[in-house]
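First up is the structure itself, then whatever we jot down about it.
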Amino acid sequence: MAEGAATGGTWRFSSDDFPEERRLNLFRETLEPVLPFAIEPVHGARFFNAVTLMALPGLDAAVGISEGAVFHRTRPLTRQSDDLTLCVTQNGRSLISQRGADMVMEDGDAFLSAADLVSTSGPLEGAAGCLTLRLPRQALAASVLDIESAFVRPIRRGTEALRLLAGYMGVVRQAADSGSIGVQRLVASHVQDLVALALGETAEAGEIARGRGLRAARLRAIKADVRAHLRERDLSAETVARRQGVSPSYVRKLFDLTGTSFSAFVLDQRIACAHAMLRNPRFSGLGISAIAYDVGFGDLSYFNRAFRRRHGATPSEARRGEAG
């Protein structure tokens with residue numbers, strides 16, 4: 001794994017950071033020691049690459065976009081390592097070659113690679129993004145039945161675990177910057193579980209993975225859905241479940257496992273949103289009832305009672321700065 005993975009961290013690089021006349025060479029000098037690929041420009045095409053690297057114990061992640069370049073991992077650049085890499089194509093199409101097979105990766109498709117494999121990759125036309133996850137083979141060995149066959153078998157888009165992995169990258173970045181080893185290890189284990197599910201898992205290991213990584217990523221997606229639709233009066237476990245493609249009982253169970261409930265989470269988010277609006281000068285012209293209705297409350301007296309229970313003060317007192 002990359003240096004710095006023991007304590008975590010985030011690094012960002014862009015070819016645009018370098019002067020145009022030396023851009024390719026300087027970018028190579030910066031990235032090739034970190035990523036084991038030789039970067040070859042495409043003749044006549046604009047060269048652009050940008051990448052964000054995140055390091056956690058047991059997981060390296062990179063989110064990047066590439067244009068006008070092909071990446072070669074030649075035999076001298078392969079590493080004597082058991083690390084495996086899952087690459088998910090984003091916002092474009094890519095061509096991948098490894099083990100004598102060419103694979104066209106559509107937007108959202110993924111493929112598995114390894115540090116000791118010769119390979120070539122690059123966008124088919126224009127620019128293409130890539131989410132890359134590197135983790136120890138042993139983290140997947142107990143979960144994936146035939147990991148060797150995955151090296152020449154694309155994982156097509158639509159796989160639930162792949163979709164949740166993409167949505168989980170915000171959590172990975174926060175964990176990498178947190179400085180908390182406990183948080184970083186927990187997040188890394190969730191990612192490992194989701195990768196195992198994407199590749200195909202044994203029955204027993206799959207139950208463990210679903211109970212950790214999949215649930216964590218699903219709960220994050222549901223919470224994001226709630227926040228995005230907070231102002232809707234008909235917001236319910238049923239409406240969220242329909243958008244997420246799960247059952248209402250599953251939505252409620254996920255919150256139960258965290259020691260709260262769906263309705264308590266919605267109420268807490270609405271109160272927090274109303275409190276932020278009351279303290280923001282931009283909304284000083286809005287009455288308290290308008291703010292209550294704007295964040296989804298249909299009963300002003302209920303809003304006042306719930307707000308006072310949460311903040312120990314009335315909404316009017318909060319607006320005057322008399323509540324925490």
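As shown in the structure tokens, the chain order sets the letters A, B, ...; within each chain, residues go from 1, and ligands are also counted from 1 in the order they appear.
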
Item to check | Backbone-only DSSP, helix (DSSP H, G or I) members of region 187-293 of chain A, as a ChimeraX atom specification | outcome: /A:187-199,203-228,237-244,248-257,262-279,281-283,288-293

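Every protein or nucleic acid residue with an atom no more than 12 Å from Gln98 (chain A), counting only C-alpha atoms and leaving out same-chain residues fewer than 5 positions away, appears here: His72, Arg73, Thr74, Arg75, Met103, Val104, Phe111, Leu112, Ser113, Ala114, Ala115, Asp116, Leu117, Val118, Ser119, Thr120, Ser121, Ala150, Phe151, Val152, Arg153 and Pro154 of chain A.
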
Counting only C-alpha atoms, which residues of region 227-299 of chain A fall within 12 Å of region 156-172 of chain A, and what is the closest atom pair for each with its distance in Å at one decimal, ordered by chain and rising number, as a tab-separated table?
```
residue	atom	partner	partner_atom	distance
A:Gln244	CA	A:Glu160	CA	10.7
A:Gly245	CA	A:Glu160	CA	10.3
A:Val246	CA	A:Glu160	CA	11.5
```

Write to file, as an mmCIF file, in the first residue's frame, the residues of the selection just made, with N, CA and C atoms.
```cif
data_model
loop_
_atom_site.group_PDB
_atom_site.id
_atom_site.type_symbol
_atom_site.label_atom_id
_atom_site.label_comp_id
_atom_site.auth_asym_id
_atom_site.auth_seq_id
_atom_site.Cartn_x
_atom_site.Cartn_y
_atom_site.Cartn_z
ATOM 1 N N GLN A 244 -35.099 4.348 -3.495
ATOM 2 C CA GLN A 244 -33.877 3.570 -3.287
ATOM 3 C C GLN A 244 -33.995 2.122 -3.745
ATOM 4 N N GLY A 245 -35.201 1.706 -4.119
ATOM 5 C CA GLY A 245 -35.374 0.343 -4.599
ATOM 6 C C GLY A 245 -35.319 -0.708 -3.515
ATOM 7 N N VAL A 246 -35.738 -0.359 -2.298
ATOM 8 C CA VAL A 246 -35.772 -1.315 -1.186
ATOM 9 C C VAL A 246 -37.152 -1.239 -0.538
#
```

Checklist entry - Tell me, which residues of region 98-153 of chain A carry DSSP strand (DSSP E or B), written as a ChimeraX atom specification? => result /A:98,101-105,110-114,119-123,127-136

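For the choices A:Val295, A:Asp225, A:Leu84, A:Asp193, the atom-to-atom distance to Glu148 (chain A) is smallest for A:Leu84 when using only C-alpha atoms.
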
Checklist entry - Within 8 Å of Glu238 (chain A), counting only C-alpha atoms, which residues qualify if same-chain residues fewer than 4 places away don't, as a PyMOL selection string? => result chain A and resi 242+247-248

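The coordinates place CA of Leu194 (chain A) at 13.5 Å from CA of Leu219 (chain A).
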
Next on the checklist: Set the distance at 12 Å and use only C-alpha atoms: which residues neighbour region 25-36 of chain A once local chain neighbours fewer than 5 positions away are removed? I'd like the list as number ranges by chain.
Outcome noted: A: 1-4, 11-20, 41, 47-55, 60-62, 69, 71-81, 85, 114-120, 132, 134

Item to check | For CA of His190 (chain A) and CA of Leu95 (chain A), the interatomic separation in Å (one decimal) | outcome: 28.5 Å
